[in-house]
$ cat my_file-v2.csv   # CSV, C-alpha atoms and all ligand atoms
chain,number,residue,atom,x,y,z
A,18,MET,CA,109.1,173.9,-3.1
A,19,ILE,CA,109.0,174.7,0.6
A,20,PHE,CA,111.4,172.7,2.9
A,21,GLY,CA,112.0,172.7,6.7
A,22,VAL,CA,115.5,173.6,8.1
A,23,SER,CA,116.9,170.1,7.4
A,24,PRO,CA,114.8,168.5,4.6
A,25,GLY,CA,115.5,164.8,4.3
A,26,TRP,CA,116.9,164.4,7.8
A,27,PRO,CA,116.9,162.1,9.8
A,28,VAL,CA,116.5,159.1,7.6
A,29,VAL,CA,117.5,155.5,7.2
A,30,LEU,CA,118.5,154.3,3.7
A,31,VAL,CA,118.8,150.6,2.8
A,32,ASP,CA,120.0,148.6,-0.2
A,33,GLY,CA,120.6,144.9,0.4
A,34,HIS,CA,123.1,144.3,3.2
A,35,VAL,CA,124.2,148.0,3.2
A,36,SER,CA,122.4,150.6,5.3
A,37,LEU,CA,122.9,154.2,6.2
A,38,ARG,CA,121.5,155.6,9.4
A,39,PRO,CA,122.1,158.5,11.8
A,40,TYR,CA,124.7,157.8,14.5
A,41,ARG,CA,123.6,156.8,18.0
A,42,ARG,CA,125.4,157.5,21.3
A,43,SER,CA,125.7,153.7,21.7
A,44,ASP,CA,128.0,153.6,18.6
A,45,ALA,CA,130.9,154.9,20.7
A,46,ALA,CA,132.7,151.6,21.3
A,47,THR,CA,132.3,150.2,17.8
A,48,TRP,CA,133.2,153.5,16.1
A,49,SER,CA,136.3,153.7,18.3
A,50,GLU,CA,137.4,150.1,17.6
A,51,VAL,CA,137.0,150.5,13.9
A,52,ARG,CA,138.7,153.9,13.7
A,53,ARG,CA,141.6,152.7,15.9
A,54,ALA,CA,142.1,149.5,13.9
A,55,ASN,CA,142.3,151.6,10.7
A,56,GLN,CA,144.8,154.3,11.5
A,57,THR,CA,147.2,153.6,8.7
A,58,TRP,CA,144.3,153.0,6.3
A,59,LEU,CA,142.6,156.3,7.0
A,60,ALA,CA,145.2,158.8,8.1
A,61,PRO,CA,146.7,159.5,4.6
A,62,TRP,CA,143.2,160.6,3.3
A,63,GLU,CA,141.6,162.5,6.2
A,64,SER,CA,142.0,166.0,7.6
A,65,SER,CA,142.1,165.7,11.4
A,66,PRO,CA,143.0,167.9,14.3
A,67,PRO,CA,146.5,167.5,15.8
A,68,GLY,CA,146.8,164.8,18.5
A,69,PRO,CA,147.4,161.1,19.0
A,70,TRP,CA,145.1,159.0,16.8
A,71,ASP,CA,144.0,156.7,19.7
A,72,GLU,CA,142.8,159.7,21.7
A,73,LEU,CA,141.1,161.5,18.8
A,74,ASN,CA,139.3,158.2,18.1
A,75,SER,CA,138.5,157.1,21.7
A,76,PRO,CA,135.0,156.2,22.8
A,77,SER,CA,134.9,159.5,24.8
A,78,ALA,CA,136.0,161.5,21.8
A,79,PHE,CA,133.0,160.1,19.9
A,80,ARG,CA,130.8,162.0,22.3
A,81,TYR,CA,132.1,165.3,20.9
A,82,VAL,CA,132.1,164.1,17.3
A,83,HIS,CA,128.5,162.9,17.7
A,84,ARG,CA,127.5,166.2,19.4
A,85,ASP,CA,129.0,168.2,16.5
A,86,GLN,CA,127.4,166.0,13.9
A,87,ARG,CA,123.9,166.3,15.5
A,88,ARG,CA,124.2,170.0,15.8
A,89,SER,CA,125.3,170.5,12.2
A,90,ALA,CA,122.6,168.0,10.9
A,91,ARG,CA,119.9,169.9,13.0
A,92,ARG,CA,120.9,173.1,11.3
A,93,GLY,CA,120.5,171.5,7.9
A,94,GLU,CA,124.3,171.8,7.1
A,95,SER,CA,125.0,168.1,6.9
A,96,MET,CA,123.7,164.5,6.8
A,97,PRO,CA,126.2,162.4,8.7
A,98,PHE,CA,125.5,158.7,8.2
A,99,ALA,CA,126.9,155.6,9.9
A,100,VAL,CA,127.4,153.1,7.1
A,101,CYS,CA,126.4,149.6,8.2
A,102,LEU,CA,127.0,146.2,6.6
A,103,ARG,CA,124.5,143.5,7.8
A,104,GLY,CA,123.7,145.8,10.7
A,105,HIS,CA,127.3,146.4,11.9
A,106,LEU,CA,128.9,149.8,11.7
A,107,VAL,CA,131.7,149.6,9.2
A,108,GLY,CA,132.1,153.1,7.9
A,109,HIS,CA,131.0,156.7,7.5
A,110,LEU,CA,129.5,158.9,4.8
A,111,ASN,CA,128.7,162.5,5.2
A,112,LEU,CA,126.9,164.9,3.0
A,113,GLY,CA,128.5,168.0,4.3
A,114,ASN,CA,128.8,171.8,3.7
A,115,ILE,CA,125.2,171.8,2.5
A,116,VAL,CA,124.4,175.2,1.0
A,117,ARG,CA,120.8,175.8,-0.2
A,118,ARG,CA,119.2,178.7,-2.0
A,119,ALA,CA,120.5,179.0,-5.6
A,120,PHE,CA,123.4,176.5,-5.0
A,121,CYS,CA,121.6,173.5,-3.4
A,122,SER,CA,124.9,171.6,-3.2
A,123,ALA,CA,126.8,169.3,-0.8
A,124,TYR,CA,130.3,167.8,-0.5
A,125,VAL,CA,130.6,164.1,0.3
A,126,GLY,CA,133.2,162.4,2.5
A,127,TYR,CA,133.4,158.7,3.2
A,128,TRP,CA,135.5,155.8,4.5
A,129,VAL,CA,135.1,152.1,5.2
A,130,ASP,CA,136.8,149.6,7.5
A,131,SER,CA,139.7,148.0,5.5
A,132,ARG,CA,138.4,144.6,6.7
A,133,VAL,CA,135.4,145.0,4.4
A,134,ALA,CA,137.0,147.0,1.6
A,135,GLY,CA,136.4,145.9,-2.0
A,136,GLN,CA,132.9,144.7,-1.5
A,137,GLY,CA,131.2,147.7,-3.0
A,138,VAL,CA,130.0,149.1,0.4
A,139,ILE,CA,130.9,152.7,-0.3
A,140,PRO,CA,129.6,152.9,-3.9
A,141,THR,CA,126.3,151.5,-2.7
A,142,ALA,CA,126.3,153.9,0.2
A,143,LEU,CA,127.2,156.8,-2.1
A,144,ALA,CA,124.5,155.9,-4.6
A,145,LEU,CA,121.9,155.7,-1.8
A,146,ALA,CA,123.0,159.1,-0.3
A,147,VAL,CA,123.1,160.9,-3.7
A,148,ASP,CA,119.6,159.6,-4.6
A,149,HIS,CA,118.4,160.8,-1.2
A,150,ALA,CA,120.1,164.1,-1.6
A,151,PHE,CA,118.5,164.7,-5.0
A,152,GLY,CA,115.1,163.5,-3.8
A,153,PRO,CA,113.9,164.2,-0.3
A,154,GLY,CA,117.1,166.2,0.5
A,155,GLY,CA,116.2,168.8,-2.1
A,156,LEU,CA,119.7,169.2,-3.4
A,157,HIS,CA,120.8,169.6,-7.0
A,158,ARG,CA,124.6,169.0,-6.9
A,159,VAL,CA,126.9,166.7,-5.1
A,160,GLU,CA,130.7,167.1,-5.1
A,161,VAL,CA,133.6,164.7,-4.1
A,162,ASN,CA,137.2,165.9,-3.8
A,163,ILE,CA,139.9,163.2,-3.8
A,164,ARG,CA,143.7,163.2,-3.7
A,165,PRO,CA,145.1,162.1,-7.0
A,166,GLU,CA,147.0,159.3,-5.3
A,167,ASN,CA,143.8,157.8,-3.8
A,168,LYS,CA,143.1,155.3,-6.6
A,169,PRO,CA,140.4,153.3,-4.6
A,170,SER,CA,138.4,156.4,-3.9
A,171,ARG,CA,138.7,157.6,-7.5
A,172,ARG,CA,137.5,154.2,-8.7
A,173,VAL,CA,134.4,154.7,-6.5
A,174,VAL,CA,133.3,157.9,-8.2
A,175,GLU,CA,134.5,156.9,-11.7
A,176,LYS,CA,132.5,153.7,-11.5
A,177,LEU,CA,129.4,155.6,-10.6
A,178,GLY,CA,129.9,158.1,-13.4
A,179,PHE,CA,130.8,161.2,-11.5
A,180,ARG,CA,132.2,163.9,-13.8
A,181,GLU,CA,135.8,165.0,-13.3
A,182,GLU,CA,135.6,168.7,-13.4
A,183,ALA,CA,138.4,170.4,-11.5
A,184,TYR,CA,142.0,170.2,-10.2
A,185,HIS,CA,142.5,172.0,-6.9
A,186,PRO,CA,146.2,172.6,-6.1
A,187,ARG,CA,147.1,172.5,-2.4
A,188,TYR,CA,143.3,172.2,-1.6
A,189,MET,CA,143.2,170.6,1.9
A,190,HIS,CA,145.6,170.1,4.8
A,191,ILE,CA,145.9,166.3,5.2
A,192,ASP,CA,148.5,164.1,6.8
A,193,GLY,CA,150.8,167.0,7.5
A,194,ALA,CA,150.8,169.0,4.2
A,195,TRP,CA,148.5,170.9,1.8
A,196,ARG,CA,147.4,168.3,-0.7
A,197,ASP,CA,146.1,168.6,-4.3
A,198,HIS,CA,142.6,167.2,-5.0
A,199,ILE,CA,140.6,166.3,-8.1
A,200,GLY,CA,137.1,167.6,-8.0
A,201,TYR,CA,134.3,165.2,-9.2
A,202,ALA,CA,130.6,166.2,-9.3
A,203,LEU,CA,127.1,165.1,-10.3
A,204,THR,CA,124.0,167.1,-10.8
A,205,SER,CA,120.5,165.6,-10.5
A,206,GLU,CA,119.9,165.9,-14.3
A,207,GLU,CA,122.9,163.6,-14.9
A,208,VAL,CA,121.3,160.6,-13.2
A,209,ALA,CA,117.6,161.3,-13.9
A,210,ALA,CA,117.7,159.4,-17.2
A,211,ASP,CA,119.0,156.3,-15.4
A,212,GLY,CA,116.3,156.3,-12.8
A,213,GLY,CA,118.8,157.4,-10.1
A,214,LEU,CA,122.3,156.6,-9.1
A,215,LEU,CA,121.4,153.4,-7.3
A,216,ALA,CA,119.7,152.0,-10.3
A,217,ARG,CA,122.7,152.9,-12.4
A,218,TRP,CA,125.0,151.1,-9.9
A,219,HIS,CA,122.8,148.0,-9.9
A,220,ARG,CA,122.9,147.8,-13.7
A,221,LEU,CA,126.7,148.3,-13.7
A,222,ARG,CA,127.1,145.5,-11.1
A,223,ALA,CA,124.8,143.2,-13.1
A,224,THR,CA,126.7,143.8,-16.3
A,225,ALA,CA,130.1,143.2,-14.5
A,226,GLY,CA,128.7,139.8,-13.6
A,301,LIG,C1,137.9,154.6,-0.9
A,301,LIG,C2,137.1,153.6,-0.1
A,301,LIG,C3,136.1,154.4,0.7
A,301,LIG,C4,136.4,152.6,-1.1
A,301,LIG,O1,135.4,151.9,-0.5
A,301,LIG,P1,135.0,150.4,-0.9
A,301,LIG,O2,133.7,150.1,-0.3
A,301,LIG,O3,136.1,149.5,-0.7
A,301,LIG,O4,134.8,150.6,-2.5
A,301,LIG,P2,134.9,149.4,-3.6
A,301,LIG,O5,134.5,148.1,-3.1
A,301,LIG,O6,134.1,150.0,-4.8
A,301,LIG,O7,136.4,149.4,-4.0
A,301,LIG,C5,137.0,150.5,-4.7
A,301,LIG,C6,138.4,150.1,-5.2
A,301,LIG,O8,139.2,149.7,-4.1
A,301,LIG,C7,140.2,148.8,-4.6
A,301,LIG,N1,140.1,147.6,-3.7
A,301,LIG,C8,139.4,146.4,-3.8
A,301,LIG,N2,139.6,145.6,-2.8
A,301,LIG,C9,140.4,146.2,-2.0
A,301,LIG,C10,141.0,145.9,-0.7
A,301,LIG,N3,140.7,144.7,-0.1
A,301,LIG,N4,141.8,146.8,-0.1
A,301,LIG,C11,142.1,147.9,-0.7
A,301,LIG,N5,141.6,148.4,-1.9
A,301,LIG,C12,140.7,147.5,-2.5
A,301,LIG,C13,139.8,148.4,-6.0
A,301,LIG,O9,140.6,149.2,-6.8
A,301,LIG,C14,138.4,148.9,-6.1
A,301,LIG,O10,138.0,149.2,-7.4
A,301,LIG,P3,137.5,148.1,-8.4
A,301,LIG,O11,136.1,147.9,-8.0
A,301,LIG,O12,137.7,148.7,-9.7
A,301,LIG,O13,138.3,146.9,-8.2
A,301,LIG,C15,138.0,152.8,0.8
A,301,LIG,O14,139.1,152.3,0.1
A,301,LIG,C16,138.6,153.6,2.0
A,301,LIG,O15,137.9,153.8,3.0
A,301,LIG,N6,139.8,154.1,1.9
A,301,LIG,C17,140.4,154.9,3.0
A,301,LIG,C18,139.7,156.2,3.3
A,301,LIG,C19,139.5,157.0,2.0
A,301,LIG,O16,140.3,157.0,1.1
A,301,LIG,N7,138.4,157.8,2.0
A,301,LIG,C20,138.0,158.6,0.8
A,301,LIG,C21,138.7,159.9,0.9
A,301,LIG,S1,138.3,160.8,-0.6

$ encode --input "my_file-v2.csv" --output "structure tokens" --more "lines below"
Ligand SMILES: CC(C)(COP(=O)(O)OP(=O)(O)OC[C@H]1O[C@@H](n2cnc3c(N)ncnc32)[C@H](O)[C@@H]1OP(=O)(O)O)[C@@H](O)C(=O)NCCC(=O)NCCS
Amino acid sequence: MIFGVSPGWPVVLVDGHVSLRPYRRSDAATWSEVRRANQTWLAPWESSPPGPWDELNSPSAFRYVHRDQRRSARRGESMPFAVCLRGHLVGHLNLGNIVRRAFCSAYVGYWVDSRVAGQGVIPTALALAVDHAFGPGGLHRVEVNIRPENKPSRRVVEKLGFREEAYHPRYMHIDGAWRDHIGYALTSEEVAADGGLLARWHRLRATAG
């Protein structure tokens, strides 16, 4: 199959009240408000450059974040999505470190505003993104690395049926130290029989009542 530099990008993905779309310059104020309001919720799980949280997450900092995201997406190295609930920006999901050729793989990172946590926003977003990655995105494998202590995030991938496949000691510098991570992954074959990850997620939710 022949693809352009960034197959599958840009795109908008929707399931019910949850949508994923590329960021816009006009997201600066909302992005900053959400990030600043969630410092204690996000900081233990994210790698971030040194500096005060409010400055790193100011509306003007968003300009640089947005510029880097656009550049990387144009090169086909990532698909950085704003996660929206009923049209409001409430989180982030990135298919990053995309490597093609014989690997065709991406790493996923995500977060959601604590004020809407526990509503299945990120599992829905992840299922949408994975189906897109395995379809128009032309990828074969998606990987998520999570600190063992991060039970909510591990629940997200375990609910969706990601395979736990690795333990990475001192994997990433987060919140002031090198932190171990558990590696989870899915390949396209593993969701094909279910008609995709979103279909699997819908069935799981329906069964859970
Ligand atoms: C991990 C995270 C993205 C999950 O997103 P979400 O949209 O809330 O996902 P879910 O609705 O499926 O909830 C996942 C789990 O969080 C827990 N949870 C539920 N409501 C919650 C709440 N109000 N507050 C905190 N955790 C809650 C539950 O254990 C839930 O699992 P369950 O469905 O078995 O009950 C979110 O907790 C988050 O942004 N955390 C901070 C950043 C982070 O950890 N990013 C990932 C790094 S790998």

$ residues_around --input "my_file-v2.csv" --residues "stretch 99-112 of chain A" --least-positions-apart "3" --cutoff "6 Å" --atoms "only C-alpha atoms" --output "list in words"
His34, Val35, Ser36, Leu37, Arg38, Pro39, Tyr40, Ser95, Met96, Ala123, Tyr124, Val125, Gly126, Tyr127, Trp128, Val129 and Asp130 of chain A

$ residues_near_ligand --input "my_file-v2.csv" --ligand "ligand LIG 301 (chain A)" --cutoff "6 Å" --atoms "all atoms listed in the file" --output "list in words"
Trp58, Leu59, Trp62, Tyr127, Trp128, Val129, Ala134, Gly135, Gln136, Gly137, Val138, Ile139, Pro140, Ile163, Pro169, Ser170, Arg172 and Val173 of chain A

$ residues_around --input "my_file-v2.csv" --residues "A:Thr141" --least-positions-apart "6" --cutoff "8 Å" --atoms "all atoms listed in the file" --output "number ranges by chain"
A: 32, 35, 215, 218

$ write_last_selection --input "my_file-v2.csv" --atoms "C-alpha atoms" --output "CSV table (one decimal), in the frame of the given file"
chain,number,residue,atom,x,y,z
A,32,ASP,CA,120.0,148.6,-0.2
A,35,VAL,CA,124.2,148.0,3.2
A,215,LEU,CA,121.4,153.4,-7.3
A,218,TRP,CA,125.0,151.1,-9.9

$ residues_around --input "my_file-v2.csv" --residues "A:Asn162" --least-positions-apart "4" --cutoff "7 Å" --atoms "all atoms listed in the file" --output "list in words"
His198, Ile199, Gly200 and Tyr201 of chain A

$ closest_residue --input "my_file-v2.csv" --among "A:Ser131, A:Ser122, A:Asn167, A:Gln56" --to "A:Asp71" --atoms "only C-alpha atoms"
A:Gln56
